[in-house]
Each structure stands twice: as structure tokens, then as C-alpha cells.
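As provided, structure-v4.txt (compact mmCIF, C-alpha atoms) reads as follows.
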```txt
# COMPACT_ATOMS: atom_id res chain seq x y z
CA MET A 1 -18.28 19.61 8.62
CA GLN A 2 -21.64 19.15 10.33
CA SER A 3 -22.90 22.64 9.50
CA ARG A 4 -21.98 22.78 5.81
CA ASN A 5 -24.86 23.86 3.54
CA LYS A 6 -26.46 25.59 6.54
CA ARG A 7 -26.97 29.21 7.51
CA SER A 8 -26.65 30.55 11.05
CA ILE A 9 -28.85 33.15 12.71
CA ALA A 10 -28.29 33.94 16.38
CA LEU A 11 -31.36 34.91 18.47
CA ASP A 12 -31.94 35.50 22.17
CA LEU A 13 -35.04 33.38 22.70
CA ARG A 14 -35.41 34.55 26.30
CA VAL A 15 -36.84 37.89 25.19
CA PRO A 16 -40.17 38.53 23.40
CA GLU A 17 -38.51 40.12 20.36
CA GLY A 18 -36.35 37.05 19.81
CA GLN A 19 -39.34 34.76 20.21
CA ALA A 20 -41.28 36.80 17.66
CA ILE A 21 -38.49 36.41 15.09
CA ALA A 22 -38.29 32.67 15.77
CA ARG A 23 -42.04 32.25 15.31
CA LYS A 24 -41.90 34.17 12.03
CA LEU A 25 -39.16 31.90 10.70
CA ILE A 26 -40.90 28.76 11.98
CA ASN A 27 -44.05 29.75 10.10
CA GLU A 28 -42.06 29.29 6.89
CA ALA A 29 -40.49 25.97 7.92
CA ASP A 30 -41.29 22.34 7.18
CA VAL A 31 -39.30 20.94 10.12
CA LEU A 32 -38.25 22.48 13.44
CA ILE A 33 -35.52 20.67 15.39
CA GLU A 34 -34.98 21.50 19.04
CA ASN A 35 -33.05 19.91 21.88
CA PHE A 36 -33.79 22.13 24.85
CA ARG A 37 -34.78 20.51 28.11
CA PRO A 38 -38.47 19.46 27.95
CA GLY A 39 -40.77 22.36 28.73
CA THR A 40 -38.35 25.12 27.70
CA LEU A 41 -40.09 26.02 24.45
CA GLU A 42 -43.41 25.98 26.26
CA GLN A 43 -42.05 28.55 28.73
CA TRP A 44 -41.18 30.77 25.76
CA GLY A 45 -44.67 30.51 24.30
CA MET A 46 -43.55 28.20 21.49
CA SER A 47 -45.27 24.92 22.26
CA TYR A 48 -46.11 22.76 19.28
CA GLU A 49 -49.78 23.55 19.72
CA LYS A 50 -49.09 27.30 19.55
CA LEU A 51 -46.80 26.99 16.54
CA ALA A 52 -49.20 24.69 14.71
CA GLU A 53 -51.96 27.30 14.95
CA THR A 54 -50.20 29.30 12.24
CA ASN A 55 -48.25 26.44 10.61
CA PRO A 56 -50.42 23.30 10.85
CA GLY A 57 -48.06 21.34 8.60
CA LEU A 58 -45.09 21.87 10.90
CA VAL A 59 -43.08 18.81 11.88
CA MET A 60 -41.29 19.31 15.21
CA LEU A 61 -38.39 17.02 16.07
CA ARG A 62 -37.65 17.11 19.79
CA ILE A 63 -34.40 15.49 20.98
CA SER A 64 -33.72 15.24 24.72
CA GLY A 65 -31.99 13.02 27.21
CA TYR A 66 -34.99 10.96 28.29
CA GLY A 67 -37.91 12.09 26.11
CA GLN A 68 -40.80 14.46 26.64
CA THR A 69 -42.63 12.19 29.12
CA GLY A 70 -41.79 9.84 31.96
CA PRO A 71 -40.26 10.29 35.42
CA TYR A 72 -36.82 11.28 34.05
CA ARG A 73 -38.03 13.87 31.53
CA ASP A 74 -36.76 16.86 33.53
CA LEU A 75 -33.29 15.44 34.22
CA PRO A 76 -30.37 16.82 32.19
CA GLY A 77 -28.98 14.36 29.69
CA PHE A 78 -26.10 14.18 27.25
CA GLY A 79 -25.07 11.61 24.66
CA ALA A 80 -22.65 9.91 27.06
CA ILE A 81 -25.46 9.34 29.58
CA GLY A 82 -27.69 8.03 26.81
CA GLU A 83 -24.97 5.55 25.85
CA ALA A 84 -24.67 4.40 29.46
CA MET A 85 -28.38 4.04 30.22
CA GLY A 86 -29.14 2.69 26.75
CA GLY A 87 -26.94 -0.33 27.44
CA LEU A 88 -24.01 0.47 25.16
CA ARG A 89 -21.30 1.43 27.64
CA HIS A 90 -21.71 -1.86 29.53
CA LEU A 91 -20.70 -3.72 26.38
CA THR A 92 -17.66 -1.66 25.41
CA GLY A 93 -14.10 -2.51 26.34
CA GLU A 94 -12.55 -5.67 27.76
CA PRO A 95 -14.33 -8.09 30.10
CA GLY A 96 -14.03 -7.07 33.74
CA ARG A 97 -12.50 -3.68 32.96
CA VAL A 98 -13.91 -0.16 33.29
CA PRO A 99 -16.52 0.50 30.56
CA VAL A 100 -14.99 2.67 27.87
CA ARG A 101 -16.23 5.23 25.41
CA CYS A 102 -16.44 3.92 21.85
CA GLY A 103 -14.29 6.81 20.60
CA ILE A 104 -16.97 9.08 19.14
CA SER A 105 -20.17 10.68 20.46
CA ILE A 106 -22.24 7.83 19.10
CA GLY A 107 -25.25 8.53 21.35
CA ASP A 108 -25.74 11.95 19.76
CA THR A 109 -25.36 10.50 16.27
CA LEU A 110 -27.85 7.71 16.93
CA ALA A 111 -30.41 10.21 18.22
CA ALA A 112 -29.87 12.37 15.13
CA LEU A 113 -30.34 9.43 12.78
CA HIS A 114 -33.51 8.29 14.54
CA GLY A 115 -34.75 11.87 14.44
CA THR A 116 -34.06 12.09 10.72
CA ILE A 117 -35.98 8.88 10.08
CA GLY A 118 -38.89 10.19 12.14
CA ALA A 119 -38.93 13.54 10.34
CA LEU A 120 -38.95 11.87 6.92
CA ILE A 121 -41.82 9.60 7.97
CA ALA A 122 -43.76 12.59 9.32
CA LEU A 123 -43.22 14.57 6.11
CA TRP A 124 -44.48 11.64 4.03
CA HIS A 125 -47.49 11.24 6.33
CA ARG A 126 -48.20 14.95 5.95
CA LYS A 127 -48.10 14.64 2.18
CA VAL A 128 -50.55 11.73 1.96
CA ASN A 129 -52.83 12.62 4.88
CA GLY A 130 -54.05 16.16 4.39
CA GLY A 131 -51.00 18.24 5.21
CA LYS A 132 -51.03 17.91 9.00
CA GLY A 133 -47.73 17.90 10.86
CA GLN A 134 -46.81 16.22 14.14
CA VAL A 135 -44.19 15.92 16.87
CA ILE A 136 -41.34 13.38 16.89
CA ASP A 137 -40.05 12.61 20.39
CA VAL A 138 -36.51 11.18 20.38
CA ALA A 139 -34.65 10.32 23.59
CA LEU A 140 -30.89 9.79 23.66
CA THR A 141 -31.34 6.75 25.88
CA GLU A 142 -33.92 5.16 23.58
CA ALA A 143 -31.98 5.82 20.38
CA THR A 144 -29.04 3.93 21.89
CA PHE A 145 -31.24 1.17 23.30
CA ASN A 146 -32.84 0.68 19.89
CA VAL A 147 -29.56 -0.58 18.37
CA MET A 148 -28.78 -3.03 21.16
CA GLU A 149 -29.85 -5.96 19.00
CA SER A 150 -30.95 -8.98 21.08
CA LEU A 151 -29.72 -7.58 24.40
CA LEU A 152 -33.19 -7.45 26.02
CA PRO A 153 -34.65 -10.69 24.61
CA GLU A 154 -31.57 -12.58 25.80
CA TYR A 155 -32.25 -11.40 29.33
CA SER A 156 -36.02 -11.75 29.11
CA VAL A 157 -35.99 -15.37 27.95
CA PHE A 158 -32.75 -16.77 29.38
CA GLY A 159 -31.86 -14.37 32.20
CA ALA A 160 -28.57 -13.77 30.38
CA VAL A 161 -26.91 -10.38 30.87
CA ARG A 162 -24.63 -9.72 27.94
CA GLU A 163 -21.17 -8.57 29.01
CA ALA A 164 -18.28 -6.79 27.32
CA ALA A 165 -16.43 -9.03 24.88
CA GLY A 166 -13.52 -6.87 23.75
CA SER A 167 -12.98 -7.10 20.00
CA ALA A 168 -14.84 -10.40 19.59
CA LEU A 169 -18.38 -10.77 18.25
CA PRO A 170 -20.25 -12.81 20.90
CA GLY A 171 -22.08 -15.83 19.53
CA ILE A 172 -20.40 -15.56 16.12
CA ALA A 173 -17.13 -17.37 15.41
CA PRO A 174 -14.53 -16.74 14.33
CA SER A 175 -14.78 -12.94 14.15
CA ASN A 176 -12.18 -10.91 16.00
CA ALA A 177 -9.18 -8.61 15.85
CA TYR A 178 -5.91 -10.48 15.50
CA ARG A 179 -2.38 -9.31 16.19
CA CYS A 180 -0.05 -9.04 13.20
CA SER A 181 3.66 -8.32 13.04
CA ASP A 182 2.93 -4.63 12.47
CA GLY A 183 -0.55 -4.00 13.86
CA PHE A 184 -3.99 -5.58 13.95
CA VAL A 185 -6.38 -6.95 11.38
CA LEU A 186 -10.09 -7.73 11.64
CA ILE A 187 -11.07 -11.10 10.21
CA ALA A 188 -14.69 -12.24 9.86
CA GLY A 189 -14.53 -15.95 9.05
CA ASN A 190 -17.89 -16.84 10.53
CA GLY A 191 -19.77 -18.02 7.42
CA ASP A 192 -19.62 -21.80 7.00
CA SER A 193 -17.92 -21.74 3.59
CA ILE A 194 -15.83 -18.71 4.53
CA PHE A 195 -14.58 -20.50 7.64
CA LYS A 196 -13.45 -23.46 5.59
CA ARG A 197 -11.56 -21.23 3.14
CA LEU A 198 -9.96 -19.34 6.04
CA MET A 199 -8.71 -22.50 7.72
CA GLU A 200 -7.33 -23.85 4.45
CA THR A 201 -5.59 -20.52 3.82
CA ILE A 202 -3.83 -20.53 7.20
CA GLY A 203 -2.76 -24.15 6.74
CA ARG A 204 -5.24 -25.72 9.16
CA LYS A 205 -7.07 -28.23 6.96
CA ASP A 206 -7.68 -30.30 10.08
CA LEU A 207 -9.94 -27.56 11.39
CA ALA A 208 -11.44 -26.89 7.97
CA ASN A 209 -12.58 -30.52 7.73
CA ASP A 210 -13.58 -30.99 11.38
CA PRO A 211 -17.32 -31.86 11.38
CA GLU A 212 -17.78 -30.18 14.77
CA LEU A 213 -16.79 -26.87 13.21
CA ALA A 214 -19.03 -27.10 10.15
CA ASN A 215 -21.60 -24.72 11.68
CA ASN A 216 -21.53 -21.63 13.87
CA ALA A 217 -22.75 -23.37 17.04
CA GLY A 218 -19.82 -25.77 16.96
CA ARG A 219 -17.36 -22.98 16.26
CA VAL A 220 -18.67 -20.84 19.12
CA ALA A 221 -18.05 -23.74 21.52
CA ARG A 222 -14.39 -23.80 20.41
CA VAL A 223 -13.86 -20.10 19.70
CA ALA A 224 -10.77 -19.79 21.91
CA GLU A 225 -9.08 -22.60 20.00
CA LEU A 226 -9.95 -21.01 16.66
CA ASP A 227 -8.76 -17.54 17.69
CA LYS A 228 -5.47 -19.03 18.86
CA ALA A 229 -4.98 -20.84 15.54
CA ILE A 230 -5.74 -17.75 13.50
CA GLU A 231 -3.45 -15.49 15.54
CA ALA A 232 -0.63 -18.02 15.30
CA TRP A 233 -0.81 -17.38 11.55
CA THR A 234 -1.38 -13.61 11.61
CA GLN A 235 1.29 -12.66 14.14
CA THR A 236 4.09 -13.78 11.82
CA ARG A 237 2.81 -11.71 8.90
CA THR A 238 2.25 -8.04 8.12
CA VAL A 239 -1.20 -6.53 7.75
CA ALA A 240 -0.59 -6.00 4.03
CA GLU A 241 0.42 -9.62 3.51
CA ILE A 242 -2.63 -10.88 5.37
CA LEU A 243 -5.06 -8.68 3.48
CA GLU A 244 -3.61 -9.72 0.13
CA THR A 245 -3.74 -13.42 1.02
CA LEU A 246 -7.25 -13.35 2.48
CA GLY A 247 -8.49 -11.20 -0.40
CA LYS A 248 -7.46 -13.93 -2.83
CA SER A 249 -9.27 -16.47 -0.65
CA LYS A 250 -12.39 -14.29 -0.50
CA VAL A 251 -12.28 -14.10 3.30
CA PRO A 252 -13.60 -10.76 4.71
CA ALA A 253 -10.77 -8.90 6.43
CA GLY A 254 -9.81 -5.32 7.05
CA LYS A 255 -7.09 -3.16 8.53
CA VAL A 256 -7.91 -1.08 11.59
CA TYR A 257 -7.77 2.31 9.92
CA THR A 258 -6.46 5.54 11.41
CA ALA A 259 -7.41 8.96 10.06
CA LYS A 260 -4.20 8.84 7.99
CA ASP A 261 -5.17 5.51 6.47
CA ILE A 262 -8.61 6.83 5.49
CA ASP A 263 -7.19 10.02 4.01
CA GLU A 264 -4.74 8.07 1.85
CA ASP A 265 -7.09 5.26 0.80
CA PRO A 266 -7.81 5.18 -2.97
CA HIS A 267 -11.25 3.63 -2.48
CA TYR A 268 -12.41 6.51 -0.30
CA ARG A 269 -11.13 8.90 -2.97
CA ALA A 270 -12.80 6.99 -5.79
CA ARG A 271 -16.11 7.13 -3.94
CA ASP A 272 -15.86 10.90 -3.34
CA MET A 273 -15.80 10.25 0.39
CA ILE A 274 -13.00 12.75 0.98
CA LEU A 275 -13.81 16.29 -0.12
CA ARG A 276 -11.55 19.33 -0.03
CA GLN A 277 -13.22 22.53 1.03
CA VAL A 278 -12.32 25.99 2.24
CA ALA A 279 -13.47 27.10 5.67
CA ARG A 280 -14.90 30.59 6.07
CA GLU A 281 -11.73 31.46 7.97
CA GLY A 282 -9.80 30.79 4.75
CA TYR A 283 -7.91 27.56 5.46
CA GLU A 284 -8.44 24.32 3.49
CA LEU A 285 -9.41 21.00 5.02
CA ASP A 286 -10.58 17.52 4.09
CA VAL A 287 -14.07 16.53 5.20
CA PRO A 288 -16.12 13.35 4.74
CA GLY A 289 -18.20 13.08 1.59
CA ILE A 290 -21.96 12.79 1.43
CA VAL A 291 -23.83 9.70 2.63
CA PRO A 292 -26.16 8.21 1.47
CA LYS A 293 -25.42 8.60 -2.22
CA LEU A 294 -28.55 9.32 -4.25
CA LEU A 295 -27.66 8.45 -7.82
CA GLY A 296 -30.53 10.41 -9.36
CA THR A 297 -30.18 13.52 -7.24
CA PRO A 298 -26.69 13.44 -5.72
CA GLY A 299 -25.93 15.78 -2.86
CA THR A 300 -23.38 18.56 -3.14
CA VAL A 301 -21.51 20.86 -0.78
CA ARG A 302 -22.81 24.31 -1.66
CA SER A 303 -21.32 26.28 1.23
CA SER A 304 -18.87 25.82 4.07
CA ALA A 305 -19.98 25.86 7.69
CA PRO A 306 -21.03 29.28 9.00
CA ARG A 307 -19.82 30.86 12.18
CA LEU A 308 -22.47 31.68 14.77
CA GLY A 309 -24.68 34.45 13.43
CA ASP A 310 -22.94 34.74 10.05
CA ASP A 311 -26.26 34.85 8.21
CA THR A 312 -28.43 36.77 10.67
CA ASP A 313 -28.74 39.87 8.51
CA ALA A 314 -29.42 37.97 5.27
CA VAL A 315 -32.07 35.72 6.82
CA LEU A 316 -33.85 38.61 8.51
CA ARG A 317 -33.81 40.68 5.31
CA GLU A 318 -35.37 37.74 3.45
CA SER A 319 -38.04 37.59 6.14
CA GLY A 320 -39.00 41.22 5.65
CA TYR A 321 -36.94 43.10 8.24
CA SER A 322 -35.38 46.38 7.17
CA ILE A 323 -31.75 47.31 7.73
CA ASP A 324 -32.80 49.80 10.42
CA GLU A 325 -34.95 47.21 12.21
CA ILE A 326 -32.07 44.71 12.21
CA ALA A 327 -29.70 47.37 13.57
CA ALA A 328 -32.15 48.16 16.35
CA LEU A 329 -32.54 44.46 17.27
CA ARG A 330 -28.76 44.06 17.34
CA ALA A 331 -28.36 47.13 19.53
CA LYS A 332 -30.79 45.60 22.03
CA GLY A 333 -28.94 42.27 21.99
CA VAL A 334 -31.89 40.37 20.46
CA VAL A 335 -29.82 39.15 17.50
CA ALA A 336 -26.13 38.66 16.89
```
Whole structure, C-alpha cells version:
Amino acid sequence: MQSRNKRSIALDLRVPEGQAIARKLINEADVLIENFRPGTLEQWGMSYEKLAETNPGLVMLRISGYGQTGPYRDLPGFGAIGEAMGGLRHLTGEPGRVPVRCGISIGDTLAALHGTIGALIALWHRKVNGGKGQVIDVALTEATFNVMESLLPEYSVFGAVREAAGSALPGIAPSNAYRCSDGFVLIAGNGDSIFKRLMETIGRKDLANDPELANNAGRVARVAELDKAIEAWTQTRTVAEILETLGKSKVPAGKVYTAKDIDEDPHYRARDMILRQVAREGYELDVPGIVPKLLGTPGTVRSSAPRLGDDTDAVLRESGYSIDEIAALRAKGVVA
């Protein structure tokens, strides 16, 4: 899924011949993405300064655990460590329990998204400022930290250390996951008018008309009471019944989807968010559609994901290498 529309060339960058091929390809590139440990490319003679001598417009995106500078720069880092040191893992799970993983490698994804934003900015800057490229330095820890909302200001001003809150949304009420007769449903009734409609829908007009609950601050002070009232209503009904009822009342609510739910959902299908493609090994599979959706120039899946080195010969031929030269490089183990 992640490598669709890409081509794969396998090089041994530890040997001069492999480095020479890489430099030749980089000379033709707009953006170079690398996530070796800081200093590795420099050891191979491929620092940004060296590469920019022959490709001054090059944009280099460098993704690492802790960034290219600072006392931790040489430490190994993975997405999970970035999530922990970026503040995310402390907030996941139930209060007082062991911090849990959010279920996906979100630290890697956040770093990739920040890197993409940086690369696009750098390309625009290059276009309007004389064609000069630059380096983007993305750290896994910082990419995670950057989405921690008001975590730091809360501590800086009030000395408050935000803790895990389970499925609730701290400081916003009511917004939580509620048990149903056949599963769970997420209900976000935290807007003033939405809250009133929600309370009327569940038969609690007393709460709907309570002046103390007319704004979020009052509802936060009584969030346990509100959650109890809502779950008393949800636990006697199915998820489908709840979603239908709240949909009519214009109260935001959603089922906690599994992969099966997503695959069978008509809205996902209508939005082309589930695409059928054939892997290079021959089997068919569903993969997520393309996001974001550009209406003027929509993206398409032009090729399935390559296996490692699938396109080595084709890429090298396009770069001017002969069949004999490629065979010799393969015999020496420079390419695969």
C-alpha cells in the first residue's frame, strides 16, 4: 500500500560504486528523503553540501529519532520512542494503568506528514527564491510533540501535568465512548446546542434545561453525572438504534469501526476510499484510497508496490548504464 506508484532500486551504499550510482540519481532529483542515523550519509561522502554542489536545487528531507543536532542526535530512535518522549504514550490508555500503544505506528506517520509539509514548503521557496534547495530536519520526537495541543502550556502556566483519560476528551463534556447492548458508540455532545438536543433525545430534559450545564465549564464540573446519564440510555439500545436516533437529532455520533466495518461501509465506497488492486505476486487486495482528494488533478494508482530491487535494471538503463555494466555491478553485489 505505502509503496504503490513507486519504483525500487537496491544499492549497496557502503561501496564507492553504489555511492556513485546514488549520486547520479540524486543529481536528477527534486527531493531526497533519508532516515539513516545522523552522520551516516556524510560518512559515505553524500552530505547535503556535497550533493548540492552538482544539484543546488536539491531538497533533502532528513528524518531521525532526535534530529540532526542536540545531545541525543547519535542515539538510535524508532517511532515508538518518539511517541514516548514526545508525550503521547503518557496520555494513552486508562488512568493509572500501563501506557499503551495507540494501535498503529503513529510516530512514524506524524514524522512523515511533517516531512511532507516541509518538503512542499521548501519546493515552493525554491521556486520563488532563485532555485536554491535546503535541508528539512524532522525528528520523530518533535513530530509527536507538535501535535500535543496544549500539553506544554498547561504545565508552564498552571503546573498541570495532563494524565491519561481513557476514552474521554479532557476538558470537553460530554464526549466519550459509551457502552451499548452490542458494542460501543462515540458520542460528542459537547456543543451547547448539541448538548441540549442530546439530553432531550435521551429523555433527560431536566439536564437539558439545567442552567449550570448551559456551557462547557459547567458540564466539565459534572462530567461523571452526564456520562452516567448517557450510558444509562445507550446500554439498553443497539449501536444501530443509537446512531439512527442521534442522527435524526443531529448529535455527532459514530460506531467504533473494525476493518470489516470499514470494508463494508457504503460511504467509504462512494468516496473511492477502498480500492481493489493486484499485487505483483498476483493476488488481489483492498487498499485505502488516495487522500487528500484534489478535485482538479485527482491522484490515481498507476502501479502496485514493487518488491525490493524490482526496478533496478530499468532505472539504471534510464540513467545511461548499459546491460553489460548493470550485469557487472550485480555480479559485484553493488546492485540487486
Just checking: using all atoms listed in the file, which residue out of A:Thr141, A:Gln277, A:Thr234, A:Asn5 ends up closest to Leu88 (chain A)?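 Among the listed residues, the smallest separation from Leu88 (chain A) belongs to A:Thr141.
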Go ahead and compute the interatomic distance for CA of Ala229 (chain A) and CA of Glu200 (chain A), in Å to one decimal.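 Computing it gives 11.7 Å between the two atoms.
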Using all atoms listed in the file, which residues sit within 10 Å of Phe195 (chain A) once same-chain residues fewer than 2 positions away are excluded, as a count of residues only? 22
Which residue is closest to Ile9 (chain A)? Choose from A:Glu142, A:Asp311, A:Glu53, A:Asp108 and count all atoms listed in the file.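 Distance minimum relative to Ile9 (chain A) lands on A:Asp311.
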With all atoms listed in the file as the atoms that count, which of A:Gly299, A:Gly118, A:Gly45, A:Pro99 lies nearest to Ala84 (chain A)?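 Nearest candidate to Ala84 (chain A) out of A:Gly299, A:Gly118, A:Gly45, A:Pro99: A:Pro99.
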Which value, in Å to one decimal, gives the distance between CA of Asn27 (chain A) and CA of Ser3 (chain A)?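 CA of Asn27 (chain A) sits 22.3 Å away from CA of Ser3 (chain A).
Taking CA of Val128 (chain A) and CA of Gly57 (chain A) as endpoints, the distance between them is 11.9 Å.
Restricting the calculation to only C-alpha atoms, the smallest distance between Thr116 (chain A) and any of A:Ile323, A:Ile81, A:Ile33, A:Leu41 is found for A:Ile33.
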Compile the contact shell of region 271-273 of chain A as a PyMOL selection string: residues with an atom at most 10 Å away, counting all atoms listed in the file, same-chain residues fewer than 2 positions apart removed. chain A and resi 262-263+266-269+275+286-291+293
Selection export as a compact mmCIF listing (two decimals), keeping the file's coordinate frame, atoms kept: C-alpha atoms:
```txt
# COMPACT_ATOMS: atom_id res chain seq x y z
CA ILE A 262 -8.61 6.83 5.49
CA ASP A 263 -7.19 10.02 4.01
CA PRO A 266 -7.81 5.18 -2.97
CA HIS A 267 -11.25 3.63 -2.48
CA TYR A 268 -12.41 6.51 -0.30
CA ARG A 269 -11.13 8.90 -2.97
CA LEU A 275 -13.81 16.29 -0.12
CA ASP A 286 -10.58 17.52 4.09
CA VAL A 287 -14.07 16.53 5.20
CA PRO A 288 -16.12 13.35 4.74
CA GLY A 289 -18.20 13.08 1.59
CA ILE A 290 -21.96 12.79 1.43
CA VAL A 291 -23.83 9.70 2.63
CA LYS A 293 -25.42 8.60 -2.22
```
From the list A:Ala168, A:Ile21, A:Ser150, A:Asp12, which residue is nearest Tyr321 (chain A) when using all atoms listed in the file?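 Answer, going by the shortest atom-to-atom distance: A:Ile21.
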Among A:Glu17, A:Glu281, A:Glu28, A:Glu325, Pro306 (chain A) is approached most closely, using only C-alpha atoms, by A:Glu281
Subset file as a PDB file, in the first residue's frame: region 114-211 of chain A, C-alpha atoms:
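Now in selection.pdb:
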```pdb
ATOM      1  CA  HIS A 114       5.655  16.837   8.922  1.00  0.00           C
ATOM      2  CA  GLY A 115       8.373  15.914   6.445  1.00  0.00           C
ATOM      3  CA  THR A 116       5.940  16.186   3.553  1.00  0.00           C
ATOM      4  CA  ILE A 117       4.827  19.631   4.698  1.00  0.00           C
ATOM      5  CA  GLY A 118       8.454  20.727   4.996  1.00  0.00           C
ATOM      6  CA  ALA A 119       9.351  19.396   1.553  1.00  0.00           C
ATOM      7  CA  LEU A 120       6.416  21.187  -0.079  1.00  0.00           C
ATOM      8  CA  ILE A 121       7.363  24.448   1.635  1.00  0.00           C
ATOM      9  CA  ALA A 122      10.988  24.036   0.526  1.00  0.00           C
ATOM     10  CA  LEU A 123       9.955  23.350  -3.074  1.00  0.00           C
ATOM     11  CA  TRP A 124       7.784  26.475  -3.108  1.00  0.00           C
ATOM     12  CA  HIS A 125      10.613  28.521  -1.590  1.00  0.00           C
ATOM     13  CA  ARG A 126      12.939  27.168  -4.273  1.00  0.00           C
ATOM     14  CA  LYS A 127      10.509  28.215  -6.984  1.00  0.00           C
ATOM     15  CA  VAL A 128      10.120  31.813  -5.787  1.00  0.00           C
ATOM     16  CA  ASN A 129      13.634  32.417  -4.463  1.00  0.00           C
ATOM     17  CA  GLY A 130      16.087  31.598  -7.208  1.00  0.00           C
ATOM     18  CA  GLY A 131      16.016  27.816  -7.329  1.00  0.00           C
ATOM     19  CA  LYS A 132      18.047  27.061  -4.209  1.00  0.00           C
ATOM     20  CA  GLY A 133      17.221  23.951  -2.199  1.00  0.00           C
ATOM     21  CA  GLN A 134      17.632  23.295   1.520  1.00  0.00           C
ATOM     22  CA  VAL A 135      17.548  20.662   4.256  1.00  0.00           C
ATOM     23  CA  ILE A 136      14.455  19.757   6.308  1.00  0.00           C
ATOM     24  CA  ASP A 137      15.306  18.254   9.695  1.00  0.00           C
ATOM     25  CA  VAL A 138      12.446  16.193  11.163  1.00  0.00           C
ATOM     26  CA  ALA A 139      12.740  14.359  14.489  1.00  0.00           C
ATOM     27  CA  LEU A 140      10.317  11.613  15.496  1.00  0.00           C
ATOM     28  CA  THR A 141      10.111  13.061  18.996  1.00  0.00           C
ATOM     29  CA  GLU A 142       9.345  16.574  17.756  1.00  0.00           C
ATOM     30  CA  ALA A 143       6.757  15.474  15.206  1.00  0.00           C
ATOM     31  CA  THR A 144       4.848  13.767  18.025  1.00  0.00           C
ATOM     32  CA  PHE A 145       5.341  16.667  20.430  1.00  0.00           C
ATOM     33  CA  ASN A 146       3.998  19.074  17.819  1.00  0.00           C
ATOM     34  CA  VAL A 147       0.505  17.512  17.972  1.00  0.00           C
ATOM     35  CA  MET A 148       0.262  17.510  21.762  1.00  0.00           C
ATOM     36  CA  GLU A 149      -2.068  20.504  21.698  1.00  0.00           C
ATOM     37  CA  SER A 150      -1.969  22.497  24.968  1.00  0.00           C
ATOM     38  CA  LEU A 151       0.070  19.911  26.883  1.00  0.00           C
ATOM     39  CA  LEU A 152       3.071  22.205  27.469  1.00  0.00           C
ATOM     40  CA  PRO A 153       1.221  25.495  28.115  1.00  0.00           C
ATOM     41  CA  GLU A 154      -0.946  23.751  30.711  1.00  0.00           C
ATOM     42  CA  TYR A 155       2.177  22.761  32.607  1.00  0.00           C
ATOM     43  CA  SER A 156       4.016  26.028  32.006  1.00  0.00           C
ATOM     44  CA  VAL A 157       1.235  28.256  33.335  1.00  0.00           C
ATOM     45  CA  PHE A 158      -0.595  26.060  35.840  1.00  0.00           C
ATOM     46  CA  GLY A 159       1.910  23.330  36.701  1.00  0.00           C
ATOM     47  CA  ALA A 160      -0.690  20.831  35.490  1.00  0.00           C
ATOM     48  CA  VAL A 161       0.596  17.544  34.077  1.00  0.00           C
ATOM     49  CA  ARG A 162      -2.039  16.098  31.787  1.00  0.00           C
ATOM     50  CA  GLU A 163      -2.740  12.426  32.501  1.00  0.00           C
ATOM     51  CA  ALA A 164      -4.355   9.584  30.592  1.00  0.00           C
ATOM     52  CA  ALA A 165      -8.123   9.924  30.390  1.00  0.00           C
ATOM     53  CA  GLY A 166      -9.209   6.715  28.694  1.00  0.00           C
ATOM     54  CA  SER A 167     -11.830   7.355  26.023  1.00  0.00           C
ATOM     55  CA  ALA A 168     -12.904  10.740  27.401  1.00  0.00           C
ATOM     56  CA  LEU A 169     -11.860  14.112  25.993  1.00  0.00           C
ATOM     57  CA  PRO A 170     -10.424  16.050  28.972  1.00  0.00           C
ATOM     58  CA  GLY A 171     -11.909  19.496  29.450  1.00  0.00           C
ATOM     59  CA  ILE A 172     -14.703  18.869  26.934  1.00  0.00           C
ATOM     60  CA  ALA A 173     -18.033  17.410  28.047  1.00  0.00           C
ATOM     61  CA  PRO A 174     -19.790  15.262  27.262  1.00  0.00           C
ATOM     62  CA  SER A 175     -17.565  13.447  24.765  1.00  0.00           C
ATOM     63  CA  ASN A 176     -16.809   9.797  25.392  1.00  0.00           C
ATOM     64  CA  ALA A 177     -17.294   6.184  24.370  1.00  0.00           C
ATOM     65  CA  TYR A 178     -20.457   4.660  25.799  1.00  0.00           C
ATOM     66  CA  ARG A 179     -21.409   1.025  26.218  1.00  0.00           C
ATOM     67  CA  CYS A 180     -24.323  -0.227  24.137  1.00  0.00           C
ATOM     68  CA  SER A 181     -26.135  -3.550  24.203  1.00  0.00           C
ATOM     69  CA  ASP A 182     -23.920  -4.826  21.373  1.00  0.00           C
ATOM     70  CA  GLY A 183     -20.746  -2.731  21.479  1.00  0.00           C
ATOM     71  CA  PHE A 184     -19.633   0.863  21.938  1.00  0.00           C
ATOM     72  CA  VAL A 185     -20.546   4.170  20.379  1.00  0.00           C
ATOM     73  CA  LEU A 186     -18.706   7.501  20.427  1.00  0.00           C
ATOM     74  CA  ILE A 187     -20.922  10.479  21.221  1.00  0.00           C
ATOM     75  CA  ALA A 188     -19.708  14.080  21.033  1.00  0.00           C
ATOM     76  CA  GLY A 189     -22.403  16.171  22.701  1.00  0.00           C
ATOM     77  CA  ASN A 190     -20.130  18.967  23.815  1.00  0.00           C
ATOM     78  CA  GLY A 191     -21.539  21.906  21.818  1.00  0.00           C
ATOM     79  CA  ASP A 192     -24.049  23.946  23.825  1.00  0.00           C
ATOM     80  CA  SER A 193     -26.976  23.410  21.446  1.00  0.00           C
ATOM     81  CA  ILE A 194     -25.876  19.853  20.668  1.00  0.00           C
ATOM     82  CA  PHE A 195     -25.822  19.033  24.379  1.00  0.00           C
ATOM     83  CA  LYS A 196     -29.369  20.252  24.794  1.00  0.00           C
ATOM     84  CA  ARG A 197     -30.593  18.151  21.863  1.00  0.00           C
ATOM     85  CA  LEU A 198     -28.739  15.110  23.219  1.00  0.00           C
ATOM     86  CA  MET A 199     -30.300  15.402  26.659  1.00  0.00           C
ATOM     87  CA  GLU A 200     -33.772  15.855  25.182  1.00  0.00           C
ATOM     88  CA  THR A 201     -33.215  12.814  22.954  1.00  0.00           C
ATOM     89  CA  ILE A 202     -32.271  10.555  25.878  1.00  0.00           C
ATOM     90  CA  GLY A 203     -35.237  11.772  27.914  1.00  0.00           C
ATOM     91  CA  ARG A 204     -33.312  13.995  30.327  1.00  0.00           C
ATOM     92  CA  LYS A 205     -34.986  17.378  29.846  1.00  0.00           C
ATOM     93  CA  ASP A 206     -34.017  18.199  33.424  1.00  0.00           C
ATOM     94  CA  LEU A 207     -30.377  18.200  32.380  1.00  0.00           C
ATOM     95  CA  ALA A 208     -31.116  19.908  29.076  1.00  0.00           C
ATOM     96  CA  ASN A 209     -32.695  22.845  30.915  1.00  0.00           C
ATOM     97  CA  ASP A 210     -30.272  22.972  33.858  1.00  0.00           C
ATOM     98  CA  PRO A 211     -28.625  26.448  33.748  1.00  0.00           C
TER      99      PRO A 211
END
```
